[in-house]
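What follows is one structure encoded as structure tokens, with my remarks underneath.
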Amino acid sequence: MLKKPINDRFKITFAERKGAEKVVIGAVNRSILARKHEVILSDDDLELVKSFCISTIFLGAWGDFDCEVWELERDVCFLDGYSTINLRTLLISIDEVQFAIVCRAVQLLEWKKSHIYCGLCGNPTEIQGHENTVACIRCSKPYYPRISPCVIVVVTKGDYCLLARQLNWADGLFSAVAGFIEVGESAEDAIHREVYEEVGIHVRKPVYVGSQTWPFPSQLMLGFMAEATSEIITVDGKEISEARWWHCDNMPPSVPPPSVLSGLLIERFLTNAKGTANRKSG
Ligand SMILES: [Zn+2]
């Protein structure tokens with residue numbers, strides 16, 4: 001039978017609860033095992049796939065269920081009726097809660113696999129208790145799962161917003177400017193630097209809107225709106241192939257959906273710009 005807590009939030013916890021039933025996600029590298037597009041494995045699935053299981057990690061609590069990921073051998077994909085789905089496809093095909101669980105599963109497995117040895121002295125590491133920490137068996141240096149903070153920003157100028165596209169994106173798709181926060185930088189510093197580096201625009205007053213986990217490969221996106229104080233766009237030609245000012249009534253052919261942080265920021269700009277326009281005409 002398929003066990004699946006509907007409508008419950010997922011909570012990160014570090015220890016299994018006595019007597020709690022389990023739900024399991026199966027991961028093959030950065031893809032998730034699915035049967036008929038269902039990524040939560042049933043008891044029947046688990047019977048079939050358990051011989052392919054390499055390791056498991058506890059993920060947290062999902063309603064009354066405990067949740068864990070099984071790292072599976074690639075050959076599991078040859079089982080009749082099963083396939084793997086990559087994270088980008090899952091981003092738009094499963095609900096927010098399941099996507100958060102899948103993100104955590106894939107990133108914890110990758111972290112564990114890439115910290116088998118100590119980066120300081122080269123000796124093996126071992127898991128510390130129930131926490132997601134490994135430590136060197138010799139020098140005790142601890143290693144924690146790592147996330148990389150990034151800023152993503154919609155730059156505005158009155159009724160216009162600045163959206164850009166990268167060379168490898170689908171035709172017509174434009175989005176917000178984004179980049180990694182450098183060591184020693186605040187999120188606000190990174191916004192000033194990234195926007196100027198990528199499109200040659202100076203900004204002021206960055207306002208924080210929200211954040212989103214982004215497992216490509218392990219970012220935490222911090223979303224902002226910022227006002228431009230200059231107008232002439234100069235694209236860097238490396239990351240950005242084209243950038244333009246878009247009027248709120250004449251937006252690009254394609255922008256990310258509001259379920260993605262960049263899309264949410266664009267929607268925020270449209271709401272603000274059209275609200276201002278209505279107030280002016282009213
Ligand atoms: Zn060490």
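Letters A, B, ... go to the chains of the structure tokens in the order shown; residues in each chain start at 1; ligands are counted from 1 in the same order.
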
Each residue of chain A lying at most 12 Å from ligand 1 should get a row with its shortest atom-to-atom pair and the distance in Å to one decimal, counting only C-alpha atoms and all ligand atoms; could you produce that, ordered by chain and increasing number, as CSV?
```
residue,atom,partner,partner_atom_place_in_ligand_line,distance
A:His115,CA,ligand 1,1 (Zn),11.0
A:Ile116,CA,ligand 1,1 (Zn),10.8
A:Tyr117,CA,ligand 1,1 (Zn),7.7
A:Cys118,CA,ligand 1,1 (Zn),4.6
A:Gly119,CA,ligand 1,1 (Zn),6.6
A:Leu120,CA,ligand 1,1 (Zn),5.0
A:Cys121,CA,ligand 1,1 (Zn),4.2
A:Gly122,CA,ligand 1,1 (Zn),5.9
A:Asn123,CA,ligand 1,1 (Zn),5.5
A:Pro124,CA,ligand 1,1 (Zn),7.5
A:Thr125,CA,ligand 1,1 (Zn),7.6
A:Glu126,CA,ligand 1,1 (Zn),10.7
A:Val134,CA,ligand 1,1 (Zn),10.8
A:Ala135,CA,ligand 1,1 (Zn),7.7
A:Cys136,CA,ligand 1,1 (Zn),4.5
A:Ile137,CA,ligand 1,1 (Zn),6.7
A:Arg138,CA,ligand 1,1 (Zn),5.3
A:Cys139,CA,ligand 1,1 (Zn),4.2
A:Ser140,CA,ligand 1,1 (Zn),6.0
A:Lys141,CA,ligand 1,1 (Zn),5.6
A:Pro142,CA,ligand 1,1 (Zn),8.6
A:Tyr143,CA,ligand 1,1 (Zn),10.2
```

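Near Lys274 (chain A), within 9 Å and counting only C-alpha atoms, sit Asp159, Cys248 and Asp249 of chain A; same-chain residues fewer than 6 positions away were not included.
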
Residues of the last selection are to be written out with N, CA and C atoms, as a compact mmCIF listing (two decimals), in the first residue's frame.
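Final file, out30.txt:
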```
# COMPACT_ATOMS: atom_id res chain seq x y z
N ASP A 159 7.95 51.90 -14.05
CA ASP A 159 7.13 50.83 -14.63
C ASP A 159 7.95 49.78 -15.37
N CYS A 248 5.90 47.02 -17.75
CA CYS A 248 4.97 46.07 -17.10
C CYS A 248 3.84 45.63 -18.03
N ASP A 249 3.54 46.41 -19.09
CA ASP A 249 2.51 46.00 -20.05
C ASP A 249 3.09 45.29 -21.26
```

CA of Ile40 (chain A) to CA of Ala61 (chain A), distance in Å rounded to a single decimal: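 Computing the Euclidean distance for CA of Ile40 (chain A) and CA of Ala61 (chain A) yields 14.1 Å.
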
Next on the checklist: I want to know what sits within 7 Å of Phe52 (chain A), based on only C-alpha atoms, with residues of the same chain fewer than 3 positions away left out; could you give that as number ranges by chain?
Outcome noted: A: 49, 72-73, 76

Restricting it to C-alpha atoms, dump the selection as a tab-separated table (two decimals), in the first residue's frame.
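That gives us result_9.tsv:
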```
chain	number	residue	atom	x	y	z
A	49	VAL	CA	14.16	-2.19	-4.63
A	72	LEU	CA	20.04	3.08	-4.95
A	73	GLU	CA	22.28	1.38	-7.51
A	76	VAL	CA	17.28	-0.38	-10.18
```

Restrict the calculation to only C-alpha atoms, then for each residue of region 31-66 of chain A with any atom at most 10 Å from an atom of region 83-90 of chain A give the closest atom pair and their distance in Å to one decimal, rows by chain and rising residue number, as a tab-separated table.
```
residue	atom	partner	partner_atom	distance
A:Ser31	CA	A:Asn86	CA	4.4
A:Ile32	CA	A:Thr84	CA	5.2
A:Leu33	CA	A:Thr84	CA	4.4
A:Ala34	CA	A:Ser83	CA	5.5
A:Arg35	CA	A:Ser83	CA	6.5
A:Lys36	CA	A:Ser83	CA	8.2
A:His37	CA	A:Ile85	CA	8.1
A:Glu38	CA	A:Ile85	CA	10.0
A:Val39	CA	A:Ile85	CA	8.7
```

Could you turn the residues from that selection into a file that holds N, CA and C atoms, as a compact mmCIF listing (two decimals), in the first residue's frame?
```txt
# COMPACT_ATOMS: atom_id res chain seq x y z
N SER A 31 18.92 11.89 -9.49
CA SER A 31 17.55 11.64 -9.97
C SER A 31 16.79 10.81 -8.94
N ILE A 32 15.48 10.84 -9.07
CA ILE A 32 14.63 10.17 -8.09
C ILE A 32 13.87 9.03 -8.77
N LEU A 33 13.84 7.88 -8.09
CA LEU A 33 13.14 6.72 -8.63
C LEU A 33 11.63 6.96 -8.56
N ALA A 34 10.94 6.61 -9.64
CA ALA A 34 9.49 6.80 -9.65
C ALA A 34 8.82 5.60 -10.32
N ARG A 35 7.63 5.30 -9.83
CA ARG A 35 6.79 4.32 -10.53
C ARG A 35 5.50 5.04 -10.90
N LYS A 36 5.22 5.07 -12.18
CA LYS A 36 4.08 5.84 -12.69
C LYS A 36 4.10 7.26 -12.16
N HIS A 37 5.24 7.93 -12.21
CA HIS A 37 5.44 9.33 -11.78
C HIS A 37 5.28 9.53 -10.27
N GLU A 38 5.12 8.44 -9.51
CA GLU A 38 4.98 8.56 -8.05
C GLU A 38 6.35 8.37 -7.41
N VAL A 39 6.82 9.39 -6.66
CA VAL A 39 8.17 9.30 -6.10
C VAL A 39 8.20 8.79 -4.65
```

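All residues of protein, DNA or RNA that reach within 8 Å of region 229-239 of chain A, judged by only C-alpha atoms and not counting those fewer than 3 positions away in the chain, are Gln166, Leu167, Glu197, Glu198, Val199, Gly200, Ile201, His202, Val203, Arg204, Glu242, Ala243 and Arg244 of chain A.
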
What does the file look like for those residues with C-alpha atoms, as a tab-separated table (two decimals), in the first residue's frame?
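selection-v8.tsv written:
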```tsv
chain	number	residue	atom	x	y	z
A	166	GLN	CA	21.64	33.36	-20.52
A	167	LEU	CA	22.96	31.89	-23.76
A	197	GLU	CA	29.14	42.90	-13.22
A	198	GLU	CA	26.40	41.23	-15.26
A	199	VAL	CA	24.46	44.17	-16.69
A	200	GLY	CA	26.43	47.33	-15.79
A	201	ILE	CA	23.64	48.88	-13.69
A	202	HIS	CA	23.96	50.59	-10.30
A	203	VAL	CA	21.18	49.93	-7.78
A	204	ARG	CA	20.01	51.20	-4.40
A	242	GLU	CA	20.98	39.75	-23.49
A	243	ALA	CA	19.33	42.08	-20.97
A	244	ARG	CA	16.58	44.64	-21.46
```

Which one is closest to Asp64 (chain A): A:Leu222, A:Ala20, A:Ile127, A:Val209? Count only C-alpha atoms.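 Comparing A:Leu222, A:Ala20, A:Ile127, A:Val209 against Asp64 (chain A), the winner is A:Ala20.
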
Mind the document's chain letters and residue numbers, and return as number ranges by chain the residues of region 3-234 of chain A that DSSP labels helix (DSSP H, G or I). A: 43-52, 74-78, 87-93, 96-113, 187-199

Could you turn the residues from that selection into a file that holds N, CA and C atoms, as a short mmCIF file (atom, residue, chain, number, x, y, z; two decimals), in the first residue's frame?
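Okay, selection.cif is ready:
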```cif
data_model
loop_
_atom_site.label_atom_id
_atom_site.label_comp_id
_atom_site.auth_asym_id
_atom_site.auth_seq_id
_atom_site.Cartn_x
_atom_site.Cartn_y
_atom_site.Cartn_z
N ASP A 43 5.19 0.08 0.15
CA ASP A 43 5.81 -1.11 0.75
C ASP A 43 6.18 -2.12 -0.33
N ASP A 44 5.31 -2.25 -1.35
CA ASP A 44 5.60 -3.19 -2.44
C ASP A 44 6.85 -2.78 -3.19
N ASP A 45 6.97 -1.44 -3.45
CA ASP A 45 8.17 -0.94 -4.13
C ASP A 45 9.42 -1.27 -3.31
N LEU A 46 9.32 -1.04 -2.00
CA LEU A 46 10.49 -1.21 -1.14
C LEU A 46 10.97 -2.66 -1.14
N GLU A 47 10.01 -3.60 -1.15
CA GLU A 47 10.36 -5.02 -1.24
C GLU A 47 11.22 -5.27 -2.47
N LEU A 48 10.79 -4.65 -3.59
CA LEU A 48 11.47 -4.86 -4.87
C LEU A 48 12.84 -4.19 -4.92
N VAL A 49 12.93 -2.97 -4.41
CA VAL A 49 14.16 -2.19 -4.63
C VAL A 49 15.20 -2.36 -3.51
N LYS A 50 14.83 -3.04 -2.42
CA LYS A 50 15.75 -3.04 -1.27
C LYS A 50 17.10 -3.69 -1.58
N SER A 51 17.11 -4.63 -2.55
CA SER A 51 18.40 -5.27 -2.86
C SER A 51 19.33 -4.32 -3.61
N PHE A 52 18.81 -3.16 -4.07
CA PHE A 52 19.65 -2.18 -4.78
C PHE A 52 20.11 -1.06 -3.84
N ARG A 74 22.31 2.11 -9.80
CA ARG A 74 21.72 2.52 -11.08
C ARG A 74 20.85 1.42 -11.71
N ASP A 75 21.24 0.14 -11.48
CA ASP A 75 20.52 -0.98 -12.10
C ASP A 75 19.05 -1.06 -11.68
N VAL A 76 18.68 -0.36 -10.63
CA VAL A 76 17.28 -0.38 -10.18
C VAL A 76 16.36 0.13 -11.30
N CYS A 77 16.93 0.97 -12.19
CA CYS A 77 16.12 1.54 -13.29
C CYS A 77 15.65 0.47 -14.27
N PHE A 78 16.32 -0.70 -14.26
CA PHE A 78 15.91 -1.75 -15.20
C PHE A 78 14.72 -2.54 -14.68
N LEU A 87 15.80 16.34 -11.16
CA LEU A 87 15.27 17.36 -10.23
C LEU A 87 14.55 18.50 -10.95
N ARG A 88 15.07 18.91 -12.11
CA ARG A 88 14.44 20.03 -12.83
C ARG A 88 13.02 19.67 -13.27
N THR A 89 12.84 18.40 -13.68
CA THR A 89 11.49 17.97 -14.07
C THR A 89 10.60 17.92 -12.83
N LEU A 90 11.16 17.43 -11.71
CA LEU A 90 10.36 17.34 -10.48
C LEU A 90 9.94 18.72 -9.97
N LEU A 91 10.80 19.71 -10.18
CA LEU A 91 10.51 21.08 -9.73
C LEU A 91 9.15 21.56 -10.23
N ILE A 92 8.81 21.15 -11.46
CA ILE A 92 7.54 21.62 -12.02
C ILE A 92 6.46 20.54 -12.03
N SER A 93 6.78 19.32 -11.51
CA SER A 93 5.77 18.26 -11.62
C SER A 93 5.29 17.70 -10.28
N GLU A 96 5.18 21.32 -3.62
CA GLU A 96 6.27 22.02 -2.93
C GLU A 96 6.88 21.18 -1.80
N VAL A 97 6.02 20.48 -1.04
CA VAL A 97 6.51 19.70 0.10
C VAL A 97 7.37 18.53 -0.38
N GLN A 98 6.84 17.80 -1.37
CA GLN A 98 7.62 16.67 -1.90
C GLN A 98 8.92 17.16 -2.51
N PHE A 99 8.88 18.33 -3.16
CA PHE A 99 10.11 18.84 -3.78
C PHE A 99 11.14 19.20 -2.72
N ALA A 100 10.68 19.76 -1.60
CA ALA A 100 11.61 20.10 -0.51
C ALA A 100 12.27 18.84 0.03
N ILE A 101 11.49 17.77 0.16
CA ILE A 101 12.04 16.50 0.69
C ILE A 101 13.08 15.93 -0.28
N VAL A 102 12.72 15.96 -1.56
CA VAL A 102 13.60 15.43 -2.59
C VAL A 102 14.92 16.24 -2.64
N CYS A 103 14.81 17.57 -2.50
CA CYS A 103 16.01 18.43 -2.49
C CYS A 103 16.92 18.05 -1.33
N ARG A 104 16.31 17.89 -0.17
CA ARG A 104 17.10 17.54 1.02
C ARG A 104 17.76 16.17 0.82
N ALA A 105 17.00 15.23 0.28
CA ALA A 105 17.51 13.86 0.07
C ALA A 105 18.74 13.86 -0.83
N VAL A 106 18.63 14.50 -1.98
CA VAL A 106 19.72 14.47 -2.96
C VAL A 106 20.96 15.19 -2.41
N GLN A 107 20.74 16.33 -1.76
CA GLN A 107 21.90 17.10 -1.29
C GLN A 107 22.61 16.43 -0.11
N LEU A 108 21.83 15.77 0.78
CA LEU A 108 22.48 15.07 1.89
C LEU A 108 23.28 13.87 1.39
N LEU A 109 22.73 13.15 0.40
CA LEU A 109 23.48 12.02 -0.16
C LEU A 109 24.78 12.48 -0.80
N GLU A 110 24.71 13.58 -1.54
CA GLU A 110 25.92 14.10 -2.19
C GLU A 110 26.95 14.55 -1.17
N TRP A 111 26.47 15.23 -0.13
CA TRP A 111 27.38 15.69 0.93
C TRP A 111 28.08 14.49 1.57
N LYS A 112 27.30 13.45 1.88
CA LYS A 112 27.88 12.28 2.56
C LYS A 112 28.93 11.60 1.67
N LYS A 113 28.60 11.48 0.37
CA LYS A 113 29.52 10.81 -0.55
C LYS A 113 30.81 11.60 -0.74
N ALA A 187 24.63 39.90 1.63
CA ALA A 187 23.72 39.69 0.49
C ALA A 187 23.58 41.00 -0.29
N GLU A 188 23.50 42.13 0.45
CA GLU A 188 23.33 43.43 -0.21
C GLU A 188 24.57 43.78 -1.05
N ASP A 189 25.78 43.52 -0.48
CA ASP A 189 27.02 43.75 -1.25
C ASP A 189 26.97 42.95 -2.55
N ALA A 190 26.55 41.68 -2.44
CA ALA A 190 26.53 40.80 -3.61
C ALA A 190 25.58 41.33 -4.67
N ILE A 191 24.46 41.92 -4.25
CA ILE A 191 23.51 42.48 -5.22
C ILE A 191 24.17 43.62 -6.00
N HIS A 192 24.79 44.56 -5.29
CA HIS A 192 25.45 45.68 -5.97
C HIS A 192 26.50 45.15 -6.95
N ARG A 193 27.32 44.20 -6.50
CA ARG A 193 28.41 43.69 -7.34
C ARG A 193 27.87 42.90 -8.54
N GLU A 194 26.97 41.95 -8.27
CA GLU A 194 26.49 41.06 -9.35
C GLU A 194 25.74 41.85 -10.43
N VAL A 195 24.87 42.76 -10.00
CA VAL A 195 24.08 43.50 -10.98
C VAL A 195 25.01 44.35 -11.84
N TYR A 196 26.02 44.98 -11.20
CA TYR A 196 26.94 45.80 -11.99
C TYR A 196 27.80 44.92 -12.91
N GLU A 197 28.29 43.79 -12.39
CA GLU A 197 29.14 42.90 -13.22
C GLU A 197 28.37 42.36 -14.42
N GLU A 198 27.13 41.94 -14.20
CA GLU A 198 26.40 41.23 -15.26
C GLU A 198 25.73 42.17 -16.25
N VAL A 199 25.20 43.30 -15.77
CA VAL A 199 24.46 44.17 -16.69
C VAL A 199 24.86 45.65 -16.62
#
```

| Long-range neighbours of Val69 (chain A) as a ChimeraX atom specification, 7 Å cut-off, only C-alpha atoms, 5 positions minimum in chain | /A:24-27,56-59,105

message: Set the distance at 9 Å and use only C-alpha atoms: which residues neighbour Val255 (chain A) once local chain neighbours fewer than 3 positions away are removed? I'd like the list as a VMD selection string.
response: chain A and resid 172 to 175 251 to 252 262 to 263 266

Same residues, N, CA and C atoms, output as an mmCIF file, in the first residue's frame:
```cif
data_model
loop_
_atom_site.group_PDB
_atom_site.id
_atom_site.type_symbol
_atom_site.label_atom_id
_atom_site.label_comp_id
_atom_site.auth_asym_id
_atom_site.auth_seq_id
_atom_site.Cartn_x
_atom_site.Cartn_y
_atom_site.Cartn_z
ATOM 1 N N GLY A 172 13.339 33.134 -25.869
ATOM 2 C CA GLY A 172 12.279 33.985 -25.327
ATOM 3 C C GLY A 172 12.217 34.033 -23.821
ATOM 4 N N LEU A 173 13.020 33.197 -23.131
ATOM 5 C CA LEU A 173 12.965 33.162 -21.665
ATOM 6 C C LEU A 173 13.892 34.219 -21.065
ATOM 7 N N PHE A 174 13.318 35.094 -20.240
ATOM 8 C CA PHE A 174 14.092 36.109 -19.518
ATOM 9 C C PHE A 174 13.805 35.961 -18.024
ATOM 10 N N SER A 175 14.812 36.287 -17.210
ATOM 11 C CA SER A 175 14.600 36.168 -15.766
ATOM 12 C C SER A 175 15.429 37.202 -15.015
ATOM 13 N N MET A 251 5.836 42.527 -21.334
ATOM 14 C CA MET A 251 6.862 41.679 -20.711
ATOM 15 C C MET A 251 7.402 40.656 -21.720
ATOM 16 N N PRO A 252 8.484 39.942 -21.374
ATOM 17 C CA PRO A 252 9.074 38.969 -22.304
ATOM 18 C C PRO A 252 8.095 37.833 -22.643
ATOM 19 N N SER A 262 12.420 33.484 -8.764
ATOM 20 C CA SER A 262 12.561 34.538 -9.780
ATOM 21 C C SER A 262 11.186 34.940 -10.320
ATOM 22 N N GLY A 263 10.320 33.943 -10.538
ATOM 23 C CA GLY A 263 8.969 34.215 -11.036
ATOM 24 C C GLY A 263 8.145 34.991 -10.015
ATOM 25 N N ILE A 266 9.194 38.613 -10.138
ATOM 26 C CA ILE A 266 8.647 39.267 -11.334
ATOM 27 C C ILE A 266 7.160 39.585 -11.106
#
```
